[in-house]
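**Student:** Structure: entry.pdb, PDB, C-alpha atoms, pLDDT in the B column.
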ATOM      1  CA  MET A   1       0.000   0.000   0.000  1.00 60.00           C
ATOM      2  CA  ASP A   2       1.440   3.389  -0.900  1.00 79.00           C
ATOM      3  CA  GLU A   3       2.132   5.950   1.817  1.00 81.00           C
ATOM      4  CA  GLN A   4      -0.614   8.386   0.791  1.00 84.00           C
ATOM      5  CA  ARG A   5      -3.259   5.640   0.760  1.00 85.00           C
ATOM      6  CA  GLN A   6      -2.164   4.522   4.232  1.00 86.00           C
ATOM      7  CA  ALA A   7      -2.341   8.127   5.480  1.00 87.00           C
ATOM      8  CA  ASP A   8      -5.880   8.409   4.066  1.00 89.00           C
ATOM      9  CA  ILE A   9      -6.952   5.157   5.709  1.00 90.00           C
ATOM     10  CA  VAL A  10      -5.499   6.183   9.071  1.00 91.00           C
ATOM     11  CA  LYS A  11      -7.232   9.572   8.758  1.00 92.00           C
ATOM     12  CA  ILE A  12     -10.651   8.025   8.073  1.00 91.00           C
ATOM     13  CA  ASN A  13     -10.314   5.399  10.785  1.00 90.00           C
ATOM     14  CA  LEU A  14      -8.972   7.868  13.326  1.00 92.00           C
ATOM     15  CA  HIS A  15     -11.979  10.146  12.780  1.00 92.00           C
ATOM     16  CA  ARG A  16     -14.334   7.155  13.125  1.00 87.00           C
ATOM     17  CA  LEU A  17     -12.670   5.759  16.243  1.00 89.00           C
ATOM     18  CA  MET A  18     -12.445   9.137  17.971  1.00 91.00           C
ATOM     19  CA  ALA A  19     -16.139   9.767  17.288  1.00 90.00           C
ATOM     20  CA  ALA A  20     -17.064   6.314  18.621  1.00 85.00           C
ATOM     21  CA  ALA A  21     -15.050   6.945  21.793  1.00 88.00           C
ATOM     22  CA  GLY A  22     -16.259  10.552  22.080  1.00 91.00           C
ATOM     23  CA  LEU A  23     -12.707  11.898  22.214  1.00 91.00           C
ATOM     24  CA  THR A  24     -11.428  15.333  21.273  1.00 93.00           C
ATOM     25  CA  VAL A  25      -7.985  15.948  19.773  1.00 94.00           C
ATOM     26  CA  SER A  26      -6.779  17.123  23.170  1.00 95.00           C
ATOM     27  CA  GLU A  27      -8.121  14.042  24.977  1.00 95.00           C
ATOM     28  CA  LEU A  28      -6.640  11.633  22.428  1.00 94.00           C
ATOM     29  CA  SER A  29      -3.314  13.457  22.555  1.00 95.00           C
ATOM     30  CA  ASP A  30      -3.248  13.095  26.331  1.00 96.00           C
ATOM     31  CA  CYS A  31      -4.190   9.424  26.494  1.00 94.00           C
ATOM     32  CA  ALA A  32      -1.869   8.461  23.597  1.00 95.00           C
ATOM     33  CA  GLY A  33       1.018  10.599  24.824  1.00 95.00           C
ATOM     34  CA  LEU A  34       1.254  12.452  21.514  1.00 95.00           C
ATOM     35  CA  ASP A  35       1.542  16.108  20.640  1.00 94.00           C
ATOM     36  CA  GLN A  36      -1.743  17.690  19.471  1.00 94.00           C
ATOM     37  CA  ARG A  37      -0.030  18.830  16.249  1.00 94.00           C
ATOM     38  CA  THR A  38       0.733  15.184  15.444  1.00 94.00           C
ATOM     39  CA  VAL A  39      -2.887  14.126  15.980  1.00 94.00           C
ATOM     40  CA  ARG A  40      -4.192  17.083  13.950  1.00 94.00           C
ATOM     41  CA  GLY A  41      -1.745  16.294  11.142  1.00 93.00           C
ATOM     42  CA  LEU A  42      -2.977  12.693  11.031  1.00 93.00           C
ATOM     43  CA  LEU A  43      -6.613  13.802  11.091  1.00 93.00           C
ATOM     44  CA  SER A  44      -6.046  16.161   8.174  1.00 91.00           C
ATOM     45  CA  GLY A  45      -4.096  13.554   6.202  1.00 86.00           C
ATOM     46  CA  ALA A  46      -1.113  15.896   5.992  1.00 85.00           C
ATOM     47  CA  LYS A  47       1.025  13.712   8.260  1.00 85.00           C
ATOM     48  CA  ARG A  48       1.923  10.052   7.834  1.00 87.00           C
ATOM     49  CA  ALA A  49       2.088   7.976  11.009  1.00 87.00           C
ATOM     50  CA  HIS A  50       5.194   6.082  12.044  1.00 89.00           C
ATOM     51  CA  SER A  51       4.585   2.621  13.475  1.00 90.00           C
ATOM     52  CA  ARG A  52       5.324   3.778  17.030  1.00 93.00           C
ATOM     53  CA  THR A  53       2.765   6.601  16.587  1.00 94.00           C
ATOM     54  CA  LEU A  54       0.162   4.086  15.393  1.00 93.00           C
ATOM     55  CA  HIS A  55       0.862   1.912  18.417  1.00 93.00           C
ATOM     56  CA  ARG A  56       0.533   4.859  20.796  1.00 94.00           C
ATOM     57  CA  LEU A  57      -2.769   5.852  19.155  1.00 95.00           C
ATOM     58  CA  ALA A  58      -4.029   2.285  19.470  1.00 92.00           C
ATOM     59  CA  GLU A  59      -3.078   2.200  23.150  1.00 93.00           C
ATOM     60  CA  GLY A  60      -4.780   5.541  23.734  1.00 93.00           C
ATOM     61  CA  LEU A  61      -7.937   4.357  21.951  1.00 93.00           C
ATOM     62  CA  LYS A  62      -7.724   0.912  23.632  1.00 89.00           C
ATOM     63  CA  ILE A  63      -7.894  -0.883  20.286  1.00 86.00           C
ATOM     64  CA  ASP A  64      -5.734  -3.209  18.252  1.00 83.00           C
ATOM     65  CA  VAL A  65      -3.450  -1.247  15.915  1.00 87.00           C
ATOM     66  CA  ASN A  66      -4.977  -3.066  12.940  1.00 84.00           C
ATOM     67  CA  GLU A  67      -8.200  -1.092  13.436  1.00 83.00           C
ATOM     68  CA  LEU A  68      -6.322   2.017  12.332  1.00 89.00           C
ATOM     69  CA  LEU A  69      -5.204   0.304   9.128  1.00 88.00           C
ATOM     70  CA  ILE A  70      -8.382  -1.472   8.001  1.00 83.00           C
ATOM     71  CA  GLU A  71      -9.709  -0.447   4.590  1.00 84.00           C
ATOM     72  CA  PRO A  72     -12.860   1.640   5.156  1.00 78.00           C
ATOM     73  CA  ALA A  73     -14.745  -0.387   2.518  1.00 75.00           C
ATOM     74  CA  ALA A  74     -14.147  -3.537   4.569  1.00 72.00           C
ATOM     75  CA  LEU A  75     -16.016  -1.951   7.467  1.00 70.00           C
ATOM     76  CA  SER A  76     -19.310  -2.019   5.570  1.00 68.00           C
ATOM     77  CA  TYR A  77     -18.841  -5.731   4.838  1.00 70.00           C
ATOM     78  CA  ASN A  78     -18.038  -6.337   8.490  1.00 68.00           C
ATOM     79  CA  ARG A  79     -21.131  -4.389   9.574  1.00 72.00           C
ATOM     80  CA  PHE A  80     -23.282  -6.397   7.145  1.00 74.00           C
ATOM     81  CA  ASP A  81     -21.837  -9.671   8.476  1.00 72.00           C
ATOM     82  CA  GLN A  82     -22.456  -8.533  12.052  1.00 73.00           C
ATOM     83  CA  GLU A  83     -26.069  -7.604  11.316  1.00 75.00           C
ATOM     84  CA  THR A  84     -26.785 -10.847   9.458  1.00 72.00           C
ATOM     85  CA  ASN A  85     -25.209 -13.014  12.173  1.00 75.00           C
ATOM     86  CA  PRO A  86     -26.433 -11.388  15.427  1.00 79.00           C
ATOM     87  CA  LEU A  87     -26.156 -14.662  17.322  1.00 84.00           C
ATOM     88  CA  VAL A  88     -22.363 -14.343  17.309  1.00 86.00           C
ATOM     89  CA  ASP A  89     -22.342 -11.360  19.683  1.00 87.00           C
ATOM     90  CA  GLU A  90     -24.766 -13.092  22.054  1.00 89.00           C
ATOM     91  CA  ILE A  91     -22.600 -16.210  22.179  1.00 91.00           C
ATOM     92  CA  VAL A  92     -19.448 -14.125  22.695  1.00 90.00           C
ATOM     93  CA  ARG A  93     -21.070 -12.498  25.748  1.00 91.00           C
ATOM     94  CA  GLU A  94     -22.213 -15.882  27.104  1.00 93.00           C
ATOM     95  CA  ASN A  95     -18.882 -17.682  26.514  1.00 92.00           C
ATOM     96  CA  PRO A  96     -16.036 -15.213  27.049  1.00 92.00           C
ATOM     97  CA  GLY A  97     -13.506 -17.986  27.680  1.00 93.00           C
ATOM     98  CA  ILE A  98     -13.800 -19.312  24.137  1.00 93.00           C
ATOM     99  CA  PHE A  99     -12.958 -15.873  22.752  1.00 92.00           C
ATOM    100  CA  ALA A 100     -10.046 -14.941  25.030  1.00 90.00           C
ATOM    101  CA  ALA A 101      -7.188 -13.241  23.169  1.00 85.00           C
ATOM    102  CA  TRP A 102      -9.259 -12.787  20.007  1.00 88.00           C
ATOM    103  CA  ILE A 103      -8.670  -9.668  17.949  1.00 82.00           C
ATOM    104  CA  GLU A 104     -11.254  -7.880  15.821  1.00 77.00           C
ATOM    105  CA  GLU A 105     -10.202  -9.749  12.675  1.00 80.00           C
ATOM    106  CA  ASP A 106     -11.043 -13.052  14.383  1.00 86.00           C
ATOM    107  CA  PHE A 107     -14.545 -11.832  15.198  1.00 85.00           C
ATOM    108  CA  ASP A 108     -14.928 -10.528  11.632  1.00 83.00           C
ATOM    109  CA  GLU A 109     -13.943 -13.929  10.258  1.00 85.00           C
ATOM    110  CA  LEU A 110     -16.426 -15.701  12.532  1.00 87.00           C
ATOM    111  CA  ARG A 111     -19.268 -13.314  11.657  1.00 84.00           C
ATOM    112  CA  SER A 112     -18.599 -13.758   7.938  1.00 83.00           C
ATOM    113  CA  ARG A 113     -19.225 -17.497   8.104  1.00 80.00           C
ATOM    114  CA  MET A 114     -22.564 -18.909   7.100  1.00 73.00           C
ATOM    115  CA  GLY A 115     -24.287 -22.074   8.161  1.00 66.00           C
ATOM    116  CA  VAL A 116     -26.314 -24.377   5.957  1.00 61.00           C
ATOM    117  CA  GLY A 117     -29.222 -22.318   4.664  1.00 61.00           C
ATOM    118  CA  GLY A 118     -28.179 -18.984   6.147  1.00 65.00           C
ATOM    119  CA  SER A 119     -26.766 -17.534   9.323  1.00 68.00           C
ATOM    120  CA  LEU A 120     -24.925 -19.631  11.866  1.00 78.00           C
ATOM    121  CA  THR A 121     -26.758 -21.554  14.559  1.00 86.00           C
ATOM    122  CA  HIS A 122     -25.698 -21.525  18.216  1.00 88.00           C
ATOM    123  CA  ASP A 123     -23.825 -24.818  17.804  1.00 89.00           C
ATOM    124  CA  GLY A 124     -22.361 -23.605  14.503  1.00 87.00           C
ATOM    125  CA  VAL A 125     -20.879 -20.492  16.127  1.00 89.00           C
ATOM    126  CA  ILE A 126     -19.356 -22.529  18.972  1.00 91.00           C
ATOM    127  CA  ALA A 127     -17.951 -25.153  16.558  1.00 90.00           C
ATOM    128  CA  ALA A 128     -16.475 -22.491  14.243  1.00 89.00           C
ATOM    129  CA  ALA A 129     -14.890 -20.641  17.177  1.00 92.00           C
ATOM    130  CA  GLU A 130     -13.408 -23.848  18.538  1.00 93.00           C
ATOM    131  CA  ARG A 131     -11.975 -24.722  15.078  1.00 93.00           C
ATOM    132  CA  MET A 132     -10.451 -21.240  14.859  1.00 92.00           C
ATOM    133  CA  ASN A 133      -8.948 -21.605  18.347  1.00 94.00           C
ATOM    134  CA  ARG A 134      -7.540 -25.047  17.465  1.00 95.00           C
ATOM    135  CA  ARG A 135      -5.920 -23.658  14.300  1.00 93.00           C
ATOM    136  CA  ARG A 136      -4.380 -20.802  16.307  1.00 91.00           C
ATOM    137  CA  GLN A 137      -3.038 -23.301  18.846  1.00 93.00           C
ATOM    138  CA  LEU A 138      -1.584 -25.463  16.075  1.00 94.00           C
ATOM    139  CA  HIS A 139       0.077 -22.438  14.448  1.00 92.00           C
ATOM    140  CA  GLU A 140       1.635 -21.426  17.782  1.00 92.00           C
ATOM    141  CA  ARG A 141       2.929 -24.954  18.368  1.00 94.00           C
ATOM    142  CA  LEU A 142       4.212 -25.211  14.807  1.00 94.00           C
ATOM    143  CA  ASP A 143       6.164 -21.963  15.260  1.00 92.00           C
ATOM    144  CA  VAL A 144       7.888 -23.461  18.319  1.00 94.00           C
ATOM    145  CA  VAL A 145       8.678 -26.761  16.590  1.00 94.00           C
ATOM    146  CA  LEU A 146      10.017 -25.024  13.468  1.00 93.00           C
ATOM    147  CA  GLU A 147      12.474 -23.094  15.653  1.00 93.00           C
ATOM    148  CA  SER A 148      13.682 -26.310  17.312  1.00 95.00           C
ATOM    149  CA  SER A 149      16.031 -29.051  16.178  1.00 95.00           C
ATOM    150  CA  GLN A 150      12.944 -30.759  14.702  1.00 94.00           C
ATOM    151  CA  GLY A 151      12.307 -27.836  12.317  1.00 94.00           C
ATOM    152  CA  ASP A 152      13.793 -29.465   9.223  1.00 95.00           C
ATOM    153  CA  LEU A 153      11.920 -32.719   9.815  1.00 95.00           C
ATOM    154  CA  VAL A 154       8.586 -30.976  10.346  1.00 94.00           C
ATOM    155  CA  GLY A 155       9.223 -28.641   7.393  1.00 93.00           C
ATOM    156  CA  GLY A 156       9.790 -31.678   5.168  1.00 94.00           C
ATOM    157  CA  MET A 157       6.588 -33.299   6.441  1.00 94.00           C
ATOM    158  CA  ILE A 158       4.632 -30.123   5.720  1.00 93.00           C
ATOM    159  CA  ASP A 159       6.097 -29.916   2.207  1.00 93.00           C
ATOM    160  CA  LEU A 160       5.131 -33.550   1.580  1.00 93.00           C
ATOM    161  CA  ALA A 161       1.572 -33.035   2.878  1.00 93.00           C
ATOM    162  CA  TYR A 162       1.258 -29.827   0.855  1.00 92.00           C
ATOM    163  CA  ARG A 163       2.219 -31.630  -2.358  1.00 91.00           C
ATOM    164  CA  GLN A 164      -0.498 -34.205  -1.607  1.00 91.00           C
ATOM    165  CA  VAL A 165      -3.126 -31.457  -1.205  1.00 93.00           C
ATOM    166  CA  VAL A 166      -2.008 -29.007  -3.912  1.00 91.00           C
ATOM    167  CA  PRO A 167      -0.997 -30.567  -7.220  1.00 81.00           C
ATOM    168  CA  GLU A 168       2.187 -29.159  -8.764  1.00 76.00           C
ATOM    169  CA  GLU A 169       0.359 -27.608 -11.723  1.00 68.00           C
ATOM    170  CA  GLU A 170      -1.823 -25.526  -9.351  1.00 63.00           C
ATOM    171  CA  GLU A 171       1.080 -24.359  -7.199  1.00 59.00           C
ATOM    172  CA  GLY A 172       2.554 -21.977  -9.773  1.00 57.00           C
ATOM    173  CA  GLN A 173      -0.777 -20.392 -10.737  1.00 57.00           C
TER
END
As structure tokens, how would this structure be written, given the file I've shared?

**Tutor:**
Amino acid sequence: MDEQRQADIVKINLHRLMAAAGLTVSELSDCAGLDQRTVRGLLSGAKRAHSRTLHRLAEGLKIDVNELLIEPAALSYNRFDQETNPLVDEIVRENPGIFAAWIEEDFDELRSRMGVGGSLTHDGVIAAAERMNRRRQLHERLDVVLESSQGDLVGGMIDLAYRQVVPEEEEGQ
């Protein structure tokens, strides 16, 4: 993504997030530990944010930094998914342990899923969330194993399994 497009996205999202939190420039500057000129420059699109500035803004807004970088068009899809799968939010409230350490993208992925014939059922939401948690756990474990003395062995096994799933002619496409 080019720098100007990123600045525009940050500008739009910063306006949206500040409005949702009811924060002024002064209040955001204080809670993020940033100069008001920096915040104003980001809000006008005249200033491009460094990664440490984005992280400070995210901390001040109590959000994941990715929320500052999400394409505004994706928000309407996410809102549509949320409205068409209202059961997800109810189940999240009832089962907070299943959703510990989830970030907004995880919830967006869950809400975008559909069950047979339409929106997810109660059991469908739980099953999808548990599958997502299991995949996350497997990825975390795989990262550890790949950094160990078993990394080459496991890497070879993954390559072999991959070739069984994805034929060679599809791989280059």

**Student:** Please provide as a list in words all residues within 12 Å of Thr38 in chain A, with the sequence filter that same-chain residues fewer than 3 positions apart are discarded (counting all atoms listed in the file).

**Tutor:**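 Using all atoms listed in the file, the neighbours found are Lys11, Val25, Ser26, Leu28, Ser29, Asp30, Ala32, Gly33, Leu34, Asp35, Gly41, Leu42, Leu43, Ser44, Gly45, Ala46, Lys47, Arg48, Ala49, His50, Thr53, Leu54, Arg56 and Leu57 of chain A.
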
**Student:** Between CA of Leu120 in chain A and CA of Asn85 in chain A, measure the distance and give it in Å to one decimal.

**Tutor:** 6.6 Å

**Student:** For a test of reading the model, state the distance in Å between CA of Gln82 in chain A and CA of Met114 in chain A, rounded to one decimal.

**Tutor:**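 So the two atoms, CA of Gln82 in chain A and CA of Met114 in chain A, lie 11.5 Å apart.
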
**Student:** Residues within 12 Å of Arg111 in chain A, please, as number ranges by chain. Count all atoms listed in the file; anything in the same chain fewer than 2 positions from it doesn't count.

**Tutor:** A: 77-92, 104-109, 113-115, 118-121, 124-126, 128-129

**Student:** How would the residues just picked look written out with C-alpha atoms as a PDB file, in the frame of the given file?

**Tutor:**
ATOM      1  CA  TYR A  77     -18.841  -5.731   4.838  1.00 70.00           C
ATOM      2  CA  ASN A  78     -18.038  -6.337   8.490  1.00 68.00           C
ATOM      3  CA  ARG A  79     -21.131  -4.389   9.574  1.00 72.00           C
ATOM      4  CA  PHE A  80     -23.282  -6.397   7.145  1.00 74.00           C
ATOM      5  CA  ASP A  81     -21.837  -9.671   8.476  1.00 72.00           C
ATOM      6  CA  GLN A  82     -22.456  -8.533  12.052  1.00 73.00           C
ATOM      7  CA  GLU A  83     -26.069  -7.604  11.316  1.00 75.00           C
ATOM      8  CA  THR A  84     -26.785 -10.847   9.458  1.00 72.00           C
ATOM      9  CA  ASN A  85     -25.209 -13.014  12.173  1.00 75.00           C
ATOM     10  CA  PRO A  86     -26.433 -11.388  15.427  1.00 79.00           C
ATOM     11  CA  LEU A  87     -26.156 -14.662  17.322  1.00 84.00           C
ATOM     12  CA  VAL A  88     -22.363 -14.343  17.309  1.00 86.00           C
ATOM     13  CA  ASP A  89     -22.342 -11.360  19.683  1.00 87.00           C
ATOM     14  CA  GLU A  90     -24.766 -13.092  22.054  1.00 89.00           C
ATOM     15  CA  ILE A  91     -22.600 -16.210  22.179  1.00 91.00           C
ATOM     16  CA  VAL A  92     -19.448 -14.125  22.695  1.00 90.00           C
ATOM     17  CA  GLU A 104     -11.254  -7.880  15.821  1.00 77.00           C
ATOM     18  CA  GLU A 105     -10.202  -9.749  12.675  1.00 80.00           C
ATOM     19  CA  ASP A 106     -11.043 -13.052  14.383  1.00 86.00           C
ATOM     20  CA  PHE A 107     -14.545 -11.832  15.198  1.00 85.00           C
ATOM     21  CA  ASP A 108     -14.928 -10.528  11.632  1.00 83.00           C
ATOM     22  CA  GLU A 109     -13.943 -13.929  10.258  1.00 85.00           C
ATOM     23  CA  ARG A 113     -19.225 -17.497   8.104  1.00 80.00           C
ATOM     24  CA  MET A 114     -22.564 -18.909   7.100  1.00 73.00           C
ATOM     25  CA  GLY A 115     -24.287 -22.074   8.161  1.00 66.00           C
ATOM     26  CA  GLY A 118     -28.179 -18.984   6.147  1.00 65.00           C
ATOM     27  CA  SER A 119     -26.766 -17.534   9.323  1.00 68.00           C
ATOM     28  CA  LEU A 120     -24.925 -19.631  11.866  1.00 78.00           C
ATOM     29  CA  THR A 121     -26.758 -21.554  14.559  1.00 86.00           C
ATOM     30  CA  GLY A 124     -22.361 -23.605  14.503  1.00 87.00           C
ATOM     31  CA  VAL A 125     -20.879 -20.492  16.127  1.00 89.00           C
ATOM     32  CA  ILE A 126     -19.356 -22.529  18.972  1.00 91.00           C
ATOM     33  CA  ALA A 128     -16.475 -22.491  14.243  1.00 89.00           C
ATOM     34  CA  ALA A 129     -14.890 -20.641  17.177  1.00 92.00           C
TER      35      ALA A 129
END

**Student:** For the atom pair CA of Arg40 in chain A and CA of Thr24 in chain A, what is the interatomic distance in Å to one decimal place?

**Tutor:**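 Between CA of Arg40 in chain A and CA of Thr24 in chain A the gap works out to 10.4 Å.
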
**Student:** Kindly indicate which residue among A:Arg93, A:Ile98, A:Ala127, A:Ile12 lies nearest to Ala73 in chain A, using all atoms listed in the file for the distances.

**Tutor:** A:Ile12

**Student:** Residues around (-5.9, -2.1, 6.3), cut-off 10 Å, counting all atoms listed in the file - what are they as a PyMOL selection string?

**Tutor:** chain A and resi 1+5-6+9-10+13+65-74
